[in-house]
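Heads up, protein-v7.cif below (mmCIF, C-alpha atoms):
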data_query
loop_
_atom_site.group_PDB
_atom_site.id
_atom_site.type_symbol
_atom_site.label_atom_id
_atom_site.label_comp_id
_atom_site.auth_asym_id
_atom_site.auth_seq_id
_atom_site.Cartn_x
_atom_site.Cartn_y
_atom_site.Cartn_z
ATOM 1 C CA MET J 21 4.322 -56.107 -45.035
ATOM 2 C CA LYS J 22 6.970 -53.462 -45.782
ATOM 3 C CA ALA J 23 10.024 -54.494 -47.750
ATOM 4 C CA MET J 24 13.194 -54.375 -45.714
ATOM 5 C CA VAL J 25 16.438 -52.956 -47.015
ATOM 6 C CA THR J 26 19.940 -53.246 -45.655
ATOM 7 C CA ASP J 27 22.001 -50.236 -44.633
ATOM 8 C CA ASP J 28 25.394 -50.392 -46.378
ATOM 9 C CA HIS J 29 27.192 -49.260 -43.212
ATOM 10 C CA TYR J 30 25.721 -52.061 -41.157
ATOM 11 C CA PRO J 31 25.613 -55.179 -43.364
ATOM 12 C CA GLY J 32 22.939 -57.599 -42.348
ATOM 13 C CA VAL J 33 21.051 -55.009 -40.313
ATOM 14 C CA ALA J 34 17.551 -54.599 -41.653
ATOM 15 C CA SER J 35 16.000 -51.181 -41.998
ATOM 16 C CA LYS J 36 12.296 -50.465 -42.176
ATOM 17 C CA ASN J 37 12.626 -46.723 -42.788
ATOM 18 C CA THR J 38 11.204 -45.942 -39.346
ATOM 19 C CA ARG J 39 11.628 -43.104 -36.895
ATOM 20 C CA ARG J 40 13.982 -45.392 -34.969
ATOM 21 C CA ASP J 41 16.137 -45.607 -38.102
ATOM 22 C CA ALA J 42 15.982 -41.805 -38.373
ATOM 23 C CA ARG J 43 17.124 -41.455 -34.755
ATOM 24 C CA GLU J 44 19.991 -43.886 -35.340
ATOM 25 C CA LEU J 45 21.137 -41.969 -38.394
ATOM 26 C CA ALA J 46 20.808 -38.688 -36.477
ATOM 27 C CA LEU J 47 22.939 -40.122 -33.657
ATOM 28 C CA ARG J 48 25.640 -41.197 -36.109
ATOM 29 C CA MET J 49 25.666 -37.727 -37.671
ATOM 30 C CA LEU J 50 25.766 -35.948 -34.283
ATOM 31 C CA TYR J 51 28.623 -38.209 -33.213
ATOM 32 C CA GLN J 52 30.504 -37.343 -36.404
ATOM 33 C CA LEU J 53 29.897 -33.628 -35.843
ATOM 34 C CA ASP J 54 31.079 -33.924 -32.241
ATOM 35 C CA ILE J 55 34.198 -35.970 -32.933
ATOM 36 C CA GLY J 56 35.114 -34.999 -36.488
ATOM 37 C CA ARG J 57 34.422 -31.273 -36.333
ATOM 38 C CA GLN J 58 33.196 -31.315 -39.932
ATOM 39 C CA PRO J 59 30.739 -28.814 -41.389
ATOM 40 C CA VAL J 60 27.108 -29.751 -40.777
ATOM 41 C CA ASP J 61 26.127 -29.568 -44.421
ATOM 42 C CA GLU J 62 28.908 -31.997 -45.398
ATOM 43 C CA VAL J 63 27.953 -34.482 -42.694
ATOM 44 C CA LEU J 64 24.276 -34.303 -43.664
ATOM 45 C CA GLU J 65 24.995 -34.687 -47.374
ATOM 46 C CA ALA J 66 27.313 -37.670 -46.944
ATOM 47 C CA ALA J 67 25.139 -39.514 -44.439
ATOM 48 C CA LEU J 68 21.888 -38.942 -46.285
ATOM 49 C CA ALA J 69 23.427 -40.025 -49.597
ATOM 50 C CA GLN J 70 24.222 -43.411 -48.028
ATOM 51 C CA SER J 71 20.956 -43.730 -46.116
ATOM 52 C CA HIS J 72 17.844 -45.596 -47.149
ATOM 53 C CA LEU J 73 15.588 -43.180 -45.287
ATOM 54 C CA ASP J 74 13.039 -41.355 -47.347
ATOM 55 C CA GLY J 75 10.088 -39.046 -46.938
ATOM 56 C CA HIS J 76 9.068 -38.003 -43.446
ATOM 57 C CA ASN J 77 11.734 -40.075 -41.718
ATOM 58 C CA ARG J 78 14.492 -38.463 -43.774
ATOM 59 C CA GLU J 79 13.140 -35.015 -42.853
ATOM 60 C CA PHE J 80 12.846 -36.116 -39.223
ATOM 61 C CA ALA J 81 16.526 -37.155 -39.158
ATOM 62 C CA ILE J 82 17.552 -33.837 -40.708
ATOM 63 C CA GLU J 83 15.530 -31.914 -38.144
ATOM 64 C CA LEU J 84 16.959 -33.921 -35.244
ATOM 65 C CA VAL J 85 20.513 -33.205 -36.362
ATOM 66 C CA THR J 86 20.087 -29.551 -37.263
ATOM 67 C CA GLY J 87 17.919 -28.843 -34.231
ATOM 68 C CA SER J 88 20.255 -30.598 -31.806
ATOM 69 C CA TYR J 89 23.241 -28.892 -33.379
ATOM 70 C CA ASN J 90 21.734 -25.401 -33.565
ATOM 71 C CA HIS J 91 20.508 -25.535 -29.957
ATOM 72 C CA ARG J 92 23.512 -27.439 -28.588
ATOM 73 C CA ASP J 93 24.467 -24.780 -26.014
ATOM 74 C CA ALA J 94 20.960 -24.613 -24.507
ATOM 75 C CA ILE J 95 20.634 -28.401 -24.625
ATOM 76 C CA ASP J 96 24.048 -28.901 -23.029
ATOM 77 C CA ASN J 97 23.100 -26.522 -20.207
ATOM 78 C CA ILE J 98 19.907 -28.443 -19.533
ATOM 79 C CA VAL J 99 21.618 -31.831 -19.680
ATOM 80 C CA ALA J 100 24.554 -30.683 -17.521
ATOM 81 C CA GLY J 101 22.103 -29.684 -14.803
ATOM 82 C CA HIS J 102 20.878 -33.288 -14.571
ATOM 83 C CA THR J 103 24.025 -35.395 -14.872
ATOM 84 C CA GLY J 104 25.434 -34.913 -11.394
ATOM 85 C CA ASP J 105 29.207 -35.197 -11.340
ATOM 86 C CA TRP J 106 29.326 -36.402 -14.957
ATOM 87 C CA ALA J 107 30.177 -33.238 -16.878
ATOM 88 C CA LEU J 108 29.530 -33.455 -20.605
ATOM 89 C CA ASP J 109 33.232 -33.581 -21.412
ATOM 90 C CA ARG J 110 33.602 -36.623 -19.107
ATOM 91 C CA GLN J 111 30.838 -38.558 -20.862
ATOM 92 C CA SER J 112 31.498 -40.774 -23.838
ATOM 93 C CA ALA J 113 30.729 -39.065 -27.143
ATOM 94 C CA VAL J 114 28.005 -41.630 -27.822
ATOM 95 C CA ASP J 115 26.244 -41.032 -24.499
ATOM 96 C CA ARG J 116 26.614 -37.256 -24.787
ATOM 97 C CA ASN J 117 25.000 -37.247 -28.217
ATOM 98 C CA ILE J 118 22.209 -39.627 -27.233
ATOM 99 C CA LEU J 119 21.362 -37.212 -24.421
ATOM 100 C CA ARG J 120 21.545 -34.218 -26.778
ATOM 101 C CA LEU J 121 19.272 -35.933 -29.261
ATOM 102 C CA ALA J 122 16.690 -36.902 -26.641
ATOM 103 C CA ALA J 123 16.864 -33.522 -24.886
ATOM 104 C CA TYR J 124 16.232 -31.811 -28.221
ATOM 105 C CA GLU J 125 13.119 -33.907 -28.741
ATOM 106 C CA LEU J 126 11.918 -33.340 -25.180
ATOM 107 C CA GLN J 127 12.381 -29.583 -25.340
ATOM 108 C CA TYR J 128 11.715 -28.711 -28.966
ATOM 109 C CA ARG J 129 9.416 -31.447 -30.279
ATOM 110 C CA PRO J 130 6.307 -31.552 -28.081
ATOM 111 C CA ASP J 131 4.660 -33.782 -30.704
ATOM 112 C CA CYS J 132 7.068 -36.602 -29.747
ATOM 113 C CA PRO J 133 5.717 -38.509 -26.720
ATOM 114 C CA VAL J 134 8.006 -38.353 -23.682
ATOM 115 C CA ALA J 135 7.899 -42.121 -23.116
ATOM 116 C CA VAL J 136 8.843 -42.803 -26.738
ATOM 117 C CA VAL J 137 11.738 -40.315 -26.671
ATOM 118 C CA CYS J 138 13.125 -41.805 -23.450
ATOM 119 C CA ASN J 139 12.675 -45.406 -24.580
ATOM 120 C CA GLU J 140 14.314 -44.766 -27.952
ATOM 121 C CA ALA J 141 17.282 -43.071 -26.285
ATOM 122 C CA VAL J 142 17.756 -45.964 -23.864
ATOM 123 C CA GLU J 143 17.594 -48.421 -26.773
ATOM 124 C CA LEU J 144 20.238 -46.394 -28.636
ATOM 125 C CA ALA J 145 22.446 -46.517 -25.549
ATOM 126 C CA LYS J 146 21.988 -50.283 -25.282
ATOM 127 C CA LYS J 147 22.858 -50.723 -28.949
ATOM 128 C CA TYR J 148 25.740 -48.265 -29.295
ATOM 129 C CA SER J 149 27.138 -47.983 -25.775
ATOM 130 C CA THR J 150 27.064 -50.124 -22.620
ATOM 131 C CA ALA J 151 24.490 -51.490 -20.186
ATOM 132 C CA GLU J 152 25.742 -48.976 -17.618
ATOM 133 C CA SER J 153 25.323 -46.188 -20.154
ATOM 134 C CA SER J 154 21.738 -47.175 -20.819
ATOM 135 C CA LYS J 155 21.045 -46.897 -17.080
ATOM 136 C CA PHE J 156 22.772 -43.508 -16.970
ATOM 137 C CA VAL J 157 20.804 -42.257 -19.994
ATOM 138 C CA ASN J 158 17.579 -43.546 -18.468
ATOM 139 C CA GLY J 159 18.258 -41.742 -15.182
ATOM 140 C CA VAL J 160 19.170 -38.444 -16.815
ATOM 141 C CA LEU J 161 16.167 -38.558 -19.132
ATOM 142 C CA GLY J 162 13.880 -39.480 -16.252
ATOM 143 C CA SER J 163 14.939 -36.212 -14.657
ATOM 144 C CA LEU J 164 14.694 -34.218 -17.907
ATOM 145 C CA ALA J 165 11.265 -35.673 -18.632
ATOM 146 C CA ARG J 166 9.909 -33.981 -15.498
ATOM 147 C CA LEU J 167 10.822 -30.540 -16.843
ATOM 148 C CA PRO J 168 8.102 -28.529 -18.527
ATOM 149 C CA ARG J 169 8.422 -29.140 -22.250
ATOM 150 C CA GLY J 170 9.747 -26.258 -24.270
ATOM 151 C CA ASP J 171 11.455 -24.373 -21.426
ATOM 152 C CA ALA J 172 14.683 -24.210 -23.403
ATOM 153 C CA ALA J 173 12.943 -23.456 -26.652
ATOM 154 C CA ASP J 174 13.506 -20.007 -28.028
ATOM 155 C CA ALA J 175 11.425 -18.115 -30.585
ATOM 156 C CA ASN J 176 13.310 -19.611 -33.549
ATOM 157 C CA VAL J 177 12.245 -23.145 -32.718
ATOM 158 C CA ALA J 178 8.766 -22.655 -34.065
ATOM 159 C CA GLY J 179 10.406 -22.430 -37.498
ATOM 160 C CA ARG J 180 12.580 -25.005 -39.182
ATOM 161 C CA PRO J 181 15.920 -25.508 -37.359
ATOM 162 C CA GLU J 182 17.829 -25.669 -40.631
ATOM 163 C CA ASP J 183 16.927 -22.012 -41.240
ATOM 164 C CA ASP J 184 19.491 -21.156 -38.549
ATOM 165 C CA LEU J 185 22.121 -23.614 -39.754
ATOM 166 C CA GLN J 186 25.594 -22.109 -39.689
ATOM 167 C CA GLY J 187 27.268 -24.817 -41.772
ATOM 168 C CA SER J 188 30.220 -25.583 -39.507
ATOM 169 C CA PRO J 189 30.860 -26.382 -35.854
#

Represent the structure contained in this file as structure tokens.
Amino acid sequence: MKAMVTDDHYPGVASKNTRRDARELALRMLYQLDIGRQPVDEVLEAALAQSHLDGHNREFAIELVTGSYNHRDAIDNIVAGHTGDWALDRQSAVDRNILRLAAYELQYRPDCPVAVVCNEAVELAKKYSTAESSKFVNGVLGSLARLPRGDAADANVAGRPEDDLQGSP
């Protein structure tokens, strides 16, 4: 059985150093980038310094953040085409960034199973937003999941997303 550690930002919340933990950390960083308008490298450094993630899950979180951030315009265009009357600027910052995170995985990470990506995003919405938001996220991702994977991906995606990192929003 793996030892469980507690995340200092969420006392009493156990962490197993899983991909779910990596997605949660990535969501918190994307939210901070969206709301705080801080440089990416500063957000990554601060969040990772306080995180208990290590190894592959730490790298996964970094890739989710840098990939979602670097491809934000393409991702936002895809998401906006599937949200009906709910323009991105009308969505809560949490919901918007959950959708960005999941859309990045759906379009740029074909190794991540569609069902897992959608389920994890819905669980994030349940945890960090509202029951209505989880239904909204589920509906949008159900639509996005039907798209051919990688349609938004450009030639740079085959490489590491952090290679394109600009450093600030």

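With all atoms listed in the file taken into account, the protein and nucleic acid residues at most 9 Å from stretch 137-144 of chain J (excluding it and anything under 6 positions from it in its own chain) are Arg40, Arg43, Glu44, Leu47, Ile118, Leu119, Leu121, Ala122, Ala123, Glu125, Leu126, Ser153, Ser154, Lys155, Phe156, Val157, Asn158, Leu161, Gly162 and Ala165 of chain J.
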
- Item | Separation of atom CA of J:Tyr148 from atom CA of J:Arg110 in Å | 17.4 Å

- Excluding same-chain residues fewer than 2 positions from J:Ala94, what lies within 12 Å of it counting only C-alpha atoms, as a PyMOL selection string? chain J and resi 87-92+96-101+120+123-124+127-128+170-174

Just need the box for stretch 49-60 of chain J, edges along x, y and z, holding every atom the file lists for it with 6 Å tacked onto each side, so centre and edge lengths in Å to one decimal, as JSON.
{"center_x": 30.4, "center_y": -33.5, "center_z": -36.8, "size_x": 21.4, "size_y": 21.4, "size_z": 21.1}

- Message: Can you translate the PyMOL selection byres ((chain J and resi 83) around 10) into the concrete residues it hits in this file, as a PyMOL selection string?
- Response: chain J and resi 42+46+77-82+84-89+124-125+129+180-182

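One distance worth recording is that between atom CA of J:Arg116 and atom CA of J:Ser163, which is 15.5 Å.
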
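Under the PyMOL selection byres ((chain J and resi 37) around 8), the matching residues in the shown file are Ser35, Lys36, Thr38, Arg39, Asp41, Ala42, His72, Leu73, Asp74 and Asn77 of chain J.
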
- Message: Please compute the atom CA of J:Asn117-atom CA of J:Leu68 distance, one decimal, in Å.
- Response: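 Computing it gives 18.4 Å between the two atoms.
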
- the PyMOL selection byres ((chain J and resi 50-61) around 7) on the file shown: which residues, as a ChimeraX atom specification? /J:46-49,62-65,85,113-114,117,187-189
